[in-house]
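Shown next, in structure tokens, is the structure this report addresses.
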Amino acid sequence: MAELLRHPEIMKEVQDEVRRIIGSKPSITEEDIEQMHYLKMVIKETLRLHPPAPLLVPRESTQDVKIQGYDIPAKTRVIINAWAIGREPLSWERAEEFHPMRFMNADSSCIDFRCHNFQLIPFGAGRRGCPGIEFAVAMDELVLANLLHMFDWTLPNGASGKDLDMDEASGLTIHKKSPLLLVATPHNNIE
């Protein structure tokens with residue numbers, strides 16, 4: 001929501017998609033979500049910039065190996081920085097910008113946290129990836145679609161999204177350092 005408030009044109013585009021697909025139906029179904037391609041791109045882009053666990057669960061090498069000229073002995077503990085991978089300029093054009101359309105082109109069709117493409121790993125990858133990924137993604141899609149369908153969102157006291165504090169704090173997962181306070185106005189097409 002913070003990134004959408006910082007980019008009102010993207011908020012409008014994703015709301016238009018959700019509201020067009022849902023129309024006046026009383027609830028959102030999985031079939032509806034499958035049609036919401038832009039919503040899915042917004043979630044991917046958010047997780048690219050703000051992975052829930054920026055440092056993935058440590059791994060340990062099982063044998064001596066050489067990777068890109070570096071010798072890694074067996075039993076070396078390796079920590080993967082998902083936050084840095086998601087902002088790597090060699091992998092991502094305009095890496096620091098929130099740009100969901102980057103997932104639209106043909107080259108990025110398999111850039112997904114479910115694929116074996118290691119550019120986007122907010123939930124880890126392989127056998128040690130998060131076992132709850134399917135549930136987490138389904139919940140993110142459903143909750144965000146409902147929030148965008150039912151309400152129009154603004155910041156209190158006419159504040160601008162560009163003024164939002166995007167600093168993050170660590171804990172079990174990463175979260176915004178300052179709480180996101182919003183004003184929700186029921187959308188006028190909701191019955």
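Letters A, B, ... mark the chains of the structure tokens in the order given; residue numbers begin at 1 per chain; ligand numbers begin at 1, in order shown.
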
Find the residues around Leu4 in chain A up to 9 Å (only C-alpha atoms counted), leave out those fewer than 5 positions away in its own chain, and share them as an NGL selection string.
-> :A and (9-12 or 42 or 161)

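Counting only C-alpha atoms and comparing A:Leu155, A:Lys162, A:Leu148, A:Gly69, the residue that lies closest to Pro179 in chain A is A:Leu155.
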
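Straight-line separation from CA of Trp92 in chain A to CA of Gln119 in chain A: 8.4 Å.
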
Which residues of range 28-84 of chain A have any atom within 12 Å of an atom in range 138-143 of chain A when counting only C-alpha atoms, and what is the closest pair of atoms for each, with the distance in Å to one decimal? Order the rows by chain and rising number and write it as a tab-separated table.
```
residue	atom	partner	partner_atom	distance
A:Ile28	CA	A:Leu142	CA	7.5
A:Thr29	CA	A:Leu142	CA	8.4
A:Glu30	CA	A:Leu142	CA	8.2
A:Glu31	CA	A:Leu142	CA	11.1
A:Asp32	CA	A:Leu142	CA	9.6
A:Ile33	CA	A:Glu141	CA	7.1
A:Glu34	CA	A:Glu141	CA	9.6
A:Gln35	CA	A:Glu141	CA	11.4
A:Met36	CA	A:Glu141	CA	9.0
A:His37	CA	A:Glu141	CA	10.6
A:Tyr38	CA	A:Glu141	CA	10.9
A:Leu39	CA	A:Glu141	CA	7.3
A:Lys40	CA	A:Glu141	CA	7.1
A:Met41	CA	A:Glu141	CA	10.4
A:Val42	CA	A:Glu141	CA	9.7
A:Ile43	CA	A:Glu141	CA	7.5
A:Lys44	CA	A:Glu141	CA	10.4
A:Thr46	CA	A:Asp140	CA	10.9
A:Leu47	CA	A:Asp140	CA	10.6
```

message = For Leu49 in chain A, find every residue with an atom within 12 Å (counting only C-alpha atoms), except residues of its own chain fewer than 2 positions away, and show them as a PyMOL selection string.
response = chain A and resi 2-3+42-47+51-54+82-88+92+94-100+119-122+166+168+174

Restricted to N, CA and C atoms, what would the selected residues look like written as an mmCIF file, in the first residue's frame?
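Below is the file that was written, selection_5.cif:
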```
data_model
loop_
_atom_site.group_PDB
_atom_site.id
_atom_site.type_symbol
_atom_site.label_atom_id
_atom_site.label_comp_id
_atom_site.auth_asym_id
_atom_site.auth_seq_id
_atom_site.Cartn_x
_atom_site.Cartn_y
_atom_site.Cartn_z
ATOM 1 N N ALA A 2 2.005 1.212 0.711
ATOM 2 C CA ALA A 2 2.874 2.395 0.756
ATOM 3 C C ALA A 2 3.401 2.718 -0.639
ATOM 4 N N GLU A 3 3.840 1.704 -1.367
ATOM 5 C CA GLU A 3 4.347 1.957 -2.722
ATOM 6 C C GLU A 3 3.225 2.468 -3.629
ATOM 7 N N VAL A 42 2.215 -5.845 -9.656
ATOM 8 C CA VAL A 42 2.424 -4.920 -8.528
ATOM 9 C C VAL A 42 2.943 -5.689 -7.312
ATOM 10 N N ILE A 43 2.392 -6.856 -7.054
ATOM 11 C CA ILE A 43 2.839 -7.657 -5.905
ATOM 12 C C ILE A 43 4.265 -8.148 -6.125
ATOM 13 N N LYS A 44 4.586 -8.619 -7.333
ATOM 14 C CA LYS A 44 5.959 -9.046 -7.621
ATOM 15 C C LYS A 44 6.946 -7.896 -7.402
ATOM 16 N N GLU A 45 6.595 -6.724 -7.920
ATOM 17 C CA GLU A 45 7.494 -5.577 -7.809
ATOM 18 C C GLU A 45 7.663 -5.151 -6.355
ATOM 19 N N THR A 46 6.601 -5.217 -5.586
ATOM 20 C CA THR A 46 6.692 -4.880 -4.161
ATOM 21 C C THR A 46 7.605 -5.865 -3.439
ATOM 22 N N LEU A 47 7.450 -7.147 -3.726
ATOM 23 C CA LEU A 47 8.289 -8.153 -3.074
ATOM 24 C C LEU A 47 9.737 -8.091 -3.559
ATOM 25 N N PRO A 51 11.506 -7.499 0.207
ATOM 26 C CA PRO A 51 11.304 -8.913 0.558
ATOM 27 C C PRO A 51 11.000 -9.055 2.047
ATOM 28 N N PRO A 52 10.113 -9.971 2.412
ATOM 29 C CA PRO A 52 9.750 -10.121 3.825
ATOM 30 C C PRO A 52 10.926 -10.519 4.715
ATOM 31 N N ALA A 53 11.860 -11.271 4.159
ATOM 32 C CA ALA A 53 13.068 -11.665 4.907
ATOM 33 C C ALA A 53 14.265 -11.330 4.012
ATOM 34 N N PRO A 54 14.884 -10.163 4.207
ATOM 35 C CA PRO A 54 15.953 -9.744 3.298
ATOM 36 C C PRO A 54 17.171 -10.665 3.304
ATOM 37 N N ALA A 82 18.609 -11.496 -0.219
ATOM 38 C CA ALA A 82 17.507 -11.344 -1.173
ATOM 39 C C ALA A 82 17.237 -9.871 -1.461
ATOM 40 N N TRP A 83 17.450 -9.012 -0.479
ATOM 41 C CA TRP A 83 17.246 -7.575 -0.666
ATOM 42 C C TRP A 83 18.192 -7.047 -1.733
ATOM 43 N N ALA A 84 19.466 -7.409 -1.669
ATOM 44 C CA ALA A 84 20.456 -6.944 -2.646
ATOM 45 C C ALA A 84 20.202 -7.548 -4.029
ATOM 46 N N ILE A 85 19.789 -8.799 -4.081
ATOM 47 C CA ILE A 85 19.498 -9.440 -5.366
ATOM 48 C C ILE A 85 18.341 -8.718 -6.061
ATOM 49 N N GLY A 86 17.342 -8.325 -5.313
ATOM 50 C CA GLY A 86 16.192 -7.619 -5.874
ATOM 51 C C GLY A 86 16.516 -6.215 -6.345
ATOM 52 N N ARG A 87 17.663 -5.680 -5.949
ATOM 53 C CA ARG A 87 18.064 -4.329 -6.343
ATOM 54 C C ARG A 87 19.357 -4.317 -7.165
ATOM 55 N N GLU A 88 19.728 -5.469 -7.686
ATOM 56 C CA GLU A 88 20.969 -5.604 -8.452
ATOM 57 C C GLU A 88 20.839 -4.951 -9.828
ATOM 58 N N TRP A 92 18.375 -5.858 -12.987
ATOM 59 C CA TRP A 92 17.154 -5.067 -13.068
ATOM 60 C C TRP A 92 17.454 -3.678 -13.624
ATOM 61 N N ARG A 94 16.775 0.131 -13.957
ATOM 62 C CA ARG A 94 16.227 1.091 -12.982
ATOM 63 C C ARG A 94 15.850 0.349 -11.689
ATOM 64 N N ALA A 95 16.827 -0.318 -11.132
ATOM 65 C CA ALA A 95 16.631 -1.257 -10.013
ATOM 66 C C ALA A 95 15.985 -0.642 -8.783
ATOM 67 N N GLU A 96 16.202 0.629 -8.509
ATOM 68 C CA GLU A 96 15.661 1.254 -7.296
ATOM 69 C C GLU A 96 14.253 1.808 -7.484
ATOM 70 N N GLU A 97 13.736 1.781 -8.705
ATOM 71 C CA GLU A 97 12.417 2.345 -8.983
ATOM 72 C C GLU A 97 11.319 1.298 -8.856
ATOM 73 N N PHE A 98 10.151 1.748 -8.414
ATOM 74 C CA PHE A 98 8.961 0.901 -8.359
ATOM 75 C C PHE A 98 8.316 0.957 -9.738
ATOM 76 N N HIS A 99 8.463 -0.121 -10.492
ATOM 77 C CA HIS A 99 8.005 -0.158 -11.879
ATOM 78 C C HIS A 99 7.425 -1.541 -12.194
ATOM 79 N N PRO A 100 6.149 -1.788 -11.845
ATOM 80 C CA PRO A 100 5.547 -3.119 -12.042
ATOM 81 C C PRO A 100 5.555 -3.605 -13.490
ATOM 82 N N GLN A 119 16.414 -14.227 -9.935
ATOM 83 C CA GLN A 119 16.393 -12.775 -9.834
ATOM 84 C C GLN A 119 15.398 -12.319 -8.766
ATOM 85 N N LEU A 120 14.376 -13.108 -8.524
ATOM 86 C CA LEU A 120 13.296 -12.726 -7.619
ATOM 87 C C LEU A 120 13.093 -13.857 -6.611
ATOM 88 N N ILE A 121 13.675 -13.692 -5.424
ATOM 89 C CA ILE A 121 13.598 -14.767 -4.424
ATOM 90 C C ILE A 121 13.177 -14.241 -3.042
ATOM 91 N N PRO A 122 12.069 -13.519 -2.959
ATOM 92 C CA PRO A 122 11.680 -12.989 -1.651
ATOM 93 C C PRO A 122 11.307 -14.064 -0.636
ATOM 94 N N MET A 166 9.849 5.508 4.076
ATOM 95 C CA MET A 166 9.919 4.120 3.619
ATOM 96 C C MET A 166 10.997 3.328 4.358
ATOM 97 N N GLU A 168 12.759 0.833 6.815
ATOM 98 C CA GLU A 168 12.297 -0.464 7.275
ATOM 99 C C GLU A 168 12.985 -0.836 8.579
ATOM 100 N N ILE A 174 10.673 -8.210 7.875
ATOM 101 C CA ILE A 174 10.874 -6.766 7.703
ATOM 102 C C ILE A 174 9.515 -6.070 7.697
#
```

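CA of Thr62 in chain A is positioned 19.8 Å from CA of Asn81 in chain A.
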
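Between Glu13 in chain A and the residues A:Val137, A:Thr173, A:His149, A:Ser178, the shortest atom-to-atom distance, using only C-alpha atoms, involves A:His149.
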
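Neighbouring residues of Asn157 in chain A at 12 Å or closer, counting only C-alpha atoms and skipping chain neighbours under 6 positions away, are A:Leu181, A:Leu182, A:Val183.
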
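Minimum distance to Gly129 in chain A across A:Gly23, A:Ser170, A:Leu5, A:Pro58 (counting only C-alpha atoms) occurs at A:Pro58.
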
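If you measure from each of A:Pro186, A:Pro89, A:Gly126, A:Gly132 to Arg59 in chain A using only C-alpha atoms, the closest one turns out to be A:Gly126.
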
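As for CA of Ser61 in chain A and CA of Lys75 in chain A, they are spaced 5.1 Å apart.
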
Using DSSP secondary structure from the backbone, list all alpha helix (DSSP H) positions within range 63-164 of chain A, as a PDB file with all heavy atoms, in the first residue's frame.
```
ATOM      1  N   ALA A  82      18.609 -11.496  -0.219  1.00  0.00           N
ATOM      2  CA  ALA A  82      17.507 -11.344  -1.173  1.00  0.00           C
ATOM      3  C   ALA A  82      17.237  -9.871  -1.461  1.00  0.00           C
ATOM      4  O   ALA A  82      16.854  -9.510  -2.581  1.00  0.00           O
ATOM      5  CB  ALA A  82      16.245 -12.018  -0.646  1.00  0.00           C
ATOM      6  N   TRP A  83      17.450  -9.012  -0.479  1.00  0.00           N
ATOM      7  CA  TRP A  83      17.246  -7.575  -0.666  1.00  0.00           C
ATOM      8  C   TRP A  83      18.192  -7.047  -1.733  1.00  0.00           C
ATOM      9  O   TRP A  83      17.784  -6.325  -2.642  1.00  0.00           O
ATOM     10  CB  TRP A  83      17.467  -6.848   0.664  1.00  0.00           C
ATOM     11  CG  TRP A  83      17.196  -5.385   0.615  1.00  0.00           C
ATOM     12  CD1 TRP A  83      16.008  -4.767   0.898  1.00  0.00           C
ATOM     13  CD2 TRP A  83      18.114  -4.335   0.288  1.00  0.00           C
ATOM     14  NE1 TRP A  83      16.138  -3.407   0.759  1.00  0.00           N
ATOM     15  CE2 TRP A  83      17.430  -3.122   0.384  1.00  0.00           C
ATOM     16  CE3 TRP A  83      19.459  -4.324  -0.074  1.00  0.00           C
ATOM     17  CZ2 TRP A  83      18.025  -1.894   0.121  1.00  0.00           C
ATOM     18  CZ3 TRP A  83      20.055  -3.104  -0.338  1.00  0.00           C
ATOM     19  CH2 TRP A  83      19.348  -1.912  -0.237  1.00  0.00           C
ATOM     20  N   ALA A  84      19.466  -7.409  -1.669  1.00  0.00           N
ATOM     21  CA  ALA A  84      20.456  -6.944  -2.646  1.00  0.00           C
ATOM     22  C   ALA A  84      20.202  -7.548  -4.029  1.00  0.00           C
ATOM     23  O   ALA A  84      20.364  -6.869  -5.044  1.00  0.00           O
ATOM     24  CB  ALA A  84      21.868  -7.273  -2.162  1.00  0.00           C
ATOM     25  N   ILE A  85      19.789  -8.799  -4.081  1.00  0.00           N
ATOM     26  CA  ILE A  85      19.498  -9.440  -5.366  1.00  0.00           C
ATOM     27  C   ILE A  85      18.341  -8.718  -6.061  1.00  0.00           C
ATOM     28  O   ILE A  85      18.370  -8.498  -7.266  1.00  0.00           O
ATOM     29  CB  ILE A  85      19.197 -10.943  -5.174  1.00  0.00           C
ATOM     30  CG1 ILE A  85      20.475 -11.675  -4.757  1.00  0.00           C
ATOM     31  CG2 ILE A  85      18.587 -11.561  -6.423  1.00  0.00           C
ATOM     32  CD1 ILE A  85      20.265 -13.105  -4.290  1.00  0.00           C
ATOM     33  N   GLY A  86      17.342  -8.325  -5.313  1.00  0.00           N
ATOM     34  CA  GLY A  86      16.192  -7.619  -5.874  1.00  0.00           C
ATOM     35  C   GLY A  86      16.516  -6.215  -6.345  1.00  0.00           C
ATOM     36  O   GLY A  86      15.731  -5.609  -7.073  1.00  0.00           O
ATOM     37  N   ILE A 133       4.644 -20.363   0.608  1.00  0.00           N
ATOM     38  CA  ILE A 133       4.618 -19.386  -0.481  1.00  0.00           C
ATOM     39  C   ILE A 133       3.266 -19.314  -1.179  1.00  0.00           C
ATOM     40  O   ILE A 133       2.761 -18.228  -1.441  1.00  0.00           O
ATOM     41  CB  ILE A 133       5.753 -19.642  -1.502  1.00  0.00           C
ATOM     42  CG1 ILE A 133       5.800 -18.536  -2.549  1.00  0.00           C
ATOM     43  CG2 ILE A 133       5.606 -20.977  -2.162  1.00  0.00           C
ATOM     44  CD1 ILE A 133       7.002 -18.608  -3.456  1.00  0.00           C
ATOM     45  N   GLU A 134       2.668 -20.444  -1.489  1.00  0.00           N
ATOM     46  CA  GLU A 134       1.378 -20.439  -2.206  1.00  0.00           C
ATOM     47  C   GLU A 134       0.298 -19.752  -1.374  1.00  0.00           C
ATOM     48  O   GLU A 134      -0.490 -18.968  -1.889  1.00  0.00           O
ATOM     49  CB  GLU A 134       0.951 -21.863  -2.569  1.00  0.00           C
ATOM     50  CG  GLU A 134       1.865 -22.550  -3.558  1.00  0.00           C
ATOM     51  CD  GLU A 134       1.956 -21.846  -4.898  1.00  0.00           C
ATOM     52  OE1 GLU A 134       0.954 -21.256  -5.342  1.00  0.00           O
ATOM     53  OE2 GLU A 134       3.041 -21.886  -5.507  1.00  0.00           O
ATOM     54  N   PHE A 135       0.265 -20.062  -0.081  1.00  0.00           N
ATOM     55  CA  PHE A 135      -0.716 -19.438   0.806  1.00  0.00           C
ATOM     56  C   PHE A 135      -0.461 -17.935   0.916  1.00  0.00           C
ATOM     57  O   PHE A 135      -1.383 -17.127   0.821  1.00  0.00           O
ATOM     58  CB  PHE A 135      -0.656 -20.095   2.188  1.00  0.00           C
ATOM     59  CG  PHE A 135      -1.616 -19.490   3.179  1.00  0.00           C
ATOM     60  CD1 PHE A 135      -2.975 -19.697   3.056  1.00  0.00           C
ATOM     61  CD2 PHE A 135      -1.142 -18.710   4.221  1.00  0.00           C
ATOM     62  CE1 PHE A 135      -3.864 -19.133   3.963  1.00  0.00           C
ATOM     63  CE2 PHE A 135      -2.016 -18.142   5.128  1.00  0.00           C
ATOM     64  CZ  PHE A 135      -3.389 -18.356   5.001  1.00  0.00           C
ATOM     65  N   ALA A 136       0.811 -17.553   1.105  1.00  0.00           N
ATOM     66  CA  ALA A 136       1.156 -16.135   1.267  1.00  0.00           C
ATOM     67  C   ALA A 136       0.784 -15.328   0.026  1.00  0.00           C
ATOM     68  O   ALA A 136       0.177 -14.253   0.129  1.00  0.00           O
ATOM     69  CB  ALA A 136       2.652 -15.992   1.561  1.00  0.00           C
ATOM     70  N   VAL A 137       1.110 -15.837  -1.139  1.00  0.00           N
ATOM     71  CA  VAL A 137       0.819 -15.111  -2.376  1.00  0.00           C
ATOM     72  C   VAL A 137      -0.684 -15.029  -2.603  1.00  0.00           C
ATOM     73  O   VAL A 137      -1.214 -13.971  -2.955  1.00  0.00           O
ATOM     74  CB  VAL A 137       1.540 -15.760  -3.582  1.00  0.00           C
ATOM     75  CG1 VAL A 137       1.084 -15.148  -4.897  1.00  0.00           C
ATOM     76  CG2 VAL A 137       3.049 -15.617  -3.424  1.00  0.00           C
ATOM     77  N   ALA A 138      -1.400 -16.118  -2.379  1.00  0.00           N
ATOM     78  CA  ALA A 138      -2.864 -16.109  -2.544  1.00  0.00           C
ATOM     79  C   ALA A 138      -3.507 -15.090  -1.602  1.00  0.00           C
ATOM     80  O   ALA A 138      -4.409 -14.350  -1.996  1.00  0.00           O
ATOM     81  CB  ALA A 138      -3.432 -17.504  -2.306  1.00  0.00           C
ATOM     82  N   MET A 139      -3.035 -15.045  -0.361  1.00  0.00           N
ATOM     83  CA  MET A 139      -3.585 -14.082   0.604  1.00  0.00           C
ATOM     84  C   MET A 139      -3.254 -12.642   0.194  1.00  0.00           C
ATOM     85  O   MET A 139      -4.116 -11.762   0.266  1.00  0.00           O
ATOM     86  CB  MET A 139      -3.064 -14.362   2.013  1.00  0.00           C
ATOM     87  CG  MET A 139      -3.631 -15.630   2.612  1.00  0.00           C
ATOM     88  SD  MET A 139      -5.447 -15.682   2.628  1.00  0.00           S
ATOM     89  CE  MET A 139      -5.831 -14.316   3.670  1.00  0.00           C
ATOM     90  N   ASP A 140      -2.006 -12.401  -0.223  1.00  0.00           N
ATOM     91  CA  ASP A 140      -1.624 -11.056  -0.675  1.00  0.00           C
ATOM     92  C   ASP A 140      -2.530 -10.597  -1.813  1.00  0.00           C
ATOM     93  O   ASP A 140      -3.028  -9.470  -1.804  1.00  0.00           O
ATOM     94  CB  ASP A 140      -0.167 -11.022  -1.149  1.00  0.00           C
ATOM     95  CG  ASP A 140       0.827 -11.006  -0.007  1.00  0.00           C
ATOM     96  OD1 ASP A 140       0.413 -10.800   1.149  1.00  0.00           O
ATOM     97  OD2 ASP A 140       2.030 -11.204  -0.275  1.00  0.00           O
ATOM     98  N   GLU A 141      -2.720 -11.470  -2.801  1.00  0.00           N
ATOM     99  CA  GLU A 141      -3.542 -11.111  -3.957  1.00  0.00           C
ATOM    100  C   GLU A 141      -4.983 -10.839  -3.553  1.00  0.00           C
ATOM    101  O   GLU A 141      -5.569  -9.829  -3.961  1.00  0.00           O
ATOM    102  CB  GLU A 141      -3.487 -12.231  -4.999  1.00  0.00           C
ATOM    103  CG  GLU A 141      -2.142 -12.387  -5.657  1.00  0.00           C
ATOM    104  CD  GLU A 141      -1.994 -13.651  -6.493  1.00  0.00           C
ATOM    105  OE1 GLU A 141      -2.875 -14.548  -6.411  1.00  0.00           O
ATOM    106  OE2 GLU A 141      -0.997 -13.746  -7.222  1.00  0.00           O
ATOM    107  N   LEU A 142      -5.550 -11.706  -2.740  1.00  0.00           N
ATOM    108  CA  LEU A 142      -6.949 -11.565  -2.341  1.00  0.00           C
ATOM    109  C   LEU A 142      -7.167 -10.323  -1.466  1.00  0.00           C
ATOM    110  O   LEU A 142      -8.101  -9.548  -1.699  1.00  0.00           O
ATOM    111  CB  LEU A 142      -7.411 -12.823  -1.605  1.00  0.00           C
ATOM    112  CG  LEU A 142      -8.891 -12.916  -1.286  1.00  0.00           C
ATOM    113  CD1 LEU A 142      -9.724 -12.875  -2.571  1.00  0.00           C
ATOM    114  CD2 LEU A 142      -9.188 -14.187  -0.517  1.00  0.00           C
ATOM    115  N   VAL A 143      -6.311 -10.130  -0.498  1.00  0.00           N
ATOM    116  CA  VAL A 143      -6.464  -8.972   0.404  1.00  0.00           C
ATOM    117  C   VAL A 143      -6.279  -7.669  -0.361  1.00  0.00           C
ATOM    118  O   VAL A 143      -7.089  -6.746  -0.246  1.00  0.00           O
ATOM    119  CB  VAL A 143      -5.487  -9.071   1.596  1.00  0.00           C
ATOM    120  CG1 VAL A 143      -5.429  -7.773   2.375  1.00  0.00           C
ATOM    121  CG2 VAL A 143      -5.893 -10.224   2.512  1.00  0.00           C
ATOM    122  N   LEU A 144      -5.208  -7.576  -1.164  1.00  0.00           N
ATOM    123  CA  LEU A 144      -4.971  -6.336  -1.908  1.00  0.00           C
ATOM    124  C   LEU A 144      -6.102  -6.060  -2.900  1.00  0.00           C
ATOM    125  O   LEU A 144      -6.581  -4.927  -3.000  1.00  0.00           O
ATOM    126  CB  LEU A 144      -3.616  -6.386  -2.616  1.00  0.00           C
ATOM    127  CG  LEU A 144      -3.208  -5.093  -3.324  1.00  0.00           C
ATOM    128  CD1 LEU A 144      -3.135  -3.927  -2.337  1.00  0.00           C
ATOM    129  CD2 LEU A 144      -1.871  -5.275  -4.026  1.00  0.00           C
ATOM    130  N   ALA A 145      -6.567  -7.089  -3.601  1.00  0.00           N
ATOM    131  CA  ALA A 145      -7.672  -6.900  -4.549  1.00  0.00           C
ATOM    132  C   ALA A 145      -8.917  -6.381  -3.832  1.00  0.00           C
ATOM    133  O   ALA A 145      -9.582  -5.457  -4.319  1.00  0.00           O
ATOM    134  CB  ALA A 145      -7.973  -8.208  -5.282  1.00  0.00           C
ATOM    135  N   ASN A 146      -9.241  -6.939  -2.676  1.00  0.00           N
ATOM    136  CA  ASN A 146     -10.414  -6.481  -1.921  1.00  0.00           C
ATOM    137  C   ASN A 146     -10.248  -5.040  -1.441  1.00  0.00           C
ATOM    138  O   ASN A 146     -11.175  -4.237  -1.534  1.00  0.00           O
ATOM    139  CB  ASN A 146     -10.680  -7.406  -0.735  1.00  0.00           C
ATOM    140  CG  ASN A 146     -11.565  -8.565  -1.113  1.00  0.00           C
ATOM    141  OD1 ASN A 146     -12.731  -8.386  -1.432  1.00  0.00           O
ATOM    142  ND2 ASN A 146     -10.995  -9.762  -1.111  1.00  0.00           N
ATOM    143  N   LEU A 147      -9.077  -4.713  -0.910  1.00  0.00           N
ATOM    144  CA  LEU A 147      -8.845  -3.348  -0.424  1.00  0.00           C
ATOM    145  C   LEU A 147      -8.947  -2.322  -1.554  1.00  0.00           C
ATOM    146  O   LEU A 147      -9.522  -1.245  -1.384  1.00  0.00           O
ATOM    147  CB  LEU A 147      -7.475  -3.242   0.250  1.00  0.00           C
ATOM    148  CG  LEU A 147      -7.330  -3.952   1.584  1.00  0.00           C
ATOM    149  CD1 LEU A 147      -5.881  -3.913   2.059  1.00  0.00           C
ATOM    150  CD2 LEU A 147      -8.254  -3.347   2.628  1.00  0.00           C
ATOM    151  N   LEU A 148      -8.391  -2.675  -2.714  1.00  0.00           N
ATOM    152  CA  LEU A 148      -8.417  -1.744  -3.843  1.00  0.00           C
ATOM    153  C   LEU A 148      -9.795  -1.666  -4.481  1.00  0.00           C
ATOM    154  O   LEU A 148     -10.175  -0.628  -5.019  1.00  0.00           O
ATOM    155  CB  LEU A 148      -7.373  -2.154  -4.880  1.00  0.00           C
ATOM    156  CG  LEU A 148      -5.927  -2.055  -4.412  1.00  0.00           C
ATOM    157  CD1 LEU A 148      -4.984  -2.605  -5.473  1.00  0.00           C
ATOM    158  CD2 LEU A 148      -5.555  -0.640  -4.024  1.00  0.00           C
ATOM    159  N   HIS A 149     -10.550  -2.749  -4.409  1.00  0.00           N
ATOM    160  CA  HIS A 149     -11.895  -2.763  -4.983  1.00  0.00           C
ATOM    161  C   HIS A 149     -12.881  -1.959  -4.135  1.00  0.00           C
ATOM    162  O   HIS A 149     -13.679  -1.194  -4.656  1.00  0.00           O
ATOM    163  CB  HIS A 149     -12.373  -4.212  -5.111  1.00  0.00           C
ATOM    164  CG  HIS A 149     -13.782  -4.352  -5.595  1.00  0.00           C
ATOM    165  ND1 HIS A 149     -14.200  -3.888  -6.819  1.00  0.00           N
ATOM    166  CD2 HIS A 149     -14.880  -4.906  -5.021  1.00  0.00           C
ATOM    167  CE1 HIS A 149     -15.478  -4.145  -6.981  1.00  0.00           C
ATOM    168  NE2 HIS A 149     -15.912  -4.768  -5.898  1.00  0.00           N
ATOM    169  N   MET A 150     -12.805  -2.118  -2.841  1.00  0.00           N
ATOM    170  CA  MET A 150     -13.831  -1.549  -1.967  1.00  0.00           C
ATOM    171  C   MET A 150     -13.571  -0.121  -1.500  1.00  0.00           C
ATOM    172  O   MET A 150     -14.504   0.564  -1.106  1.00  0.00           O
ATOM    173  CB  MET A 150     -13.998  -2.449  -0.748  1.00  0.00           C
ATOM    174  CG  MET A 150     -14.528  -3.801  -1.100  1.00  0.00           C
ATOM    175  SD  MET A 150     -14.824  -4.747   0.402  1.00  0.00           S
ATOM    176  CE  MET A 150     -15.462  -6.243  -0.266  1.00  0.00           C
TER     177      MET A 150
END
```

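Nearest to Ser91 in chain A of all the residues A:Arg127, A:Pro8, A:Phe118, A:Ser24 is A:Phe118, based on only C-alpha atoms.
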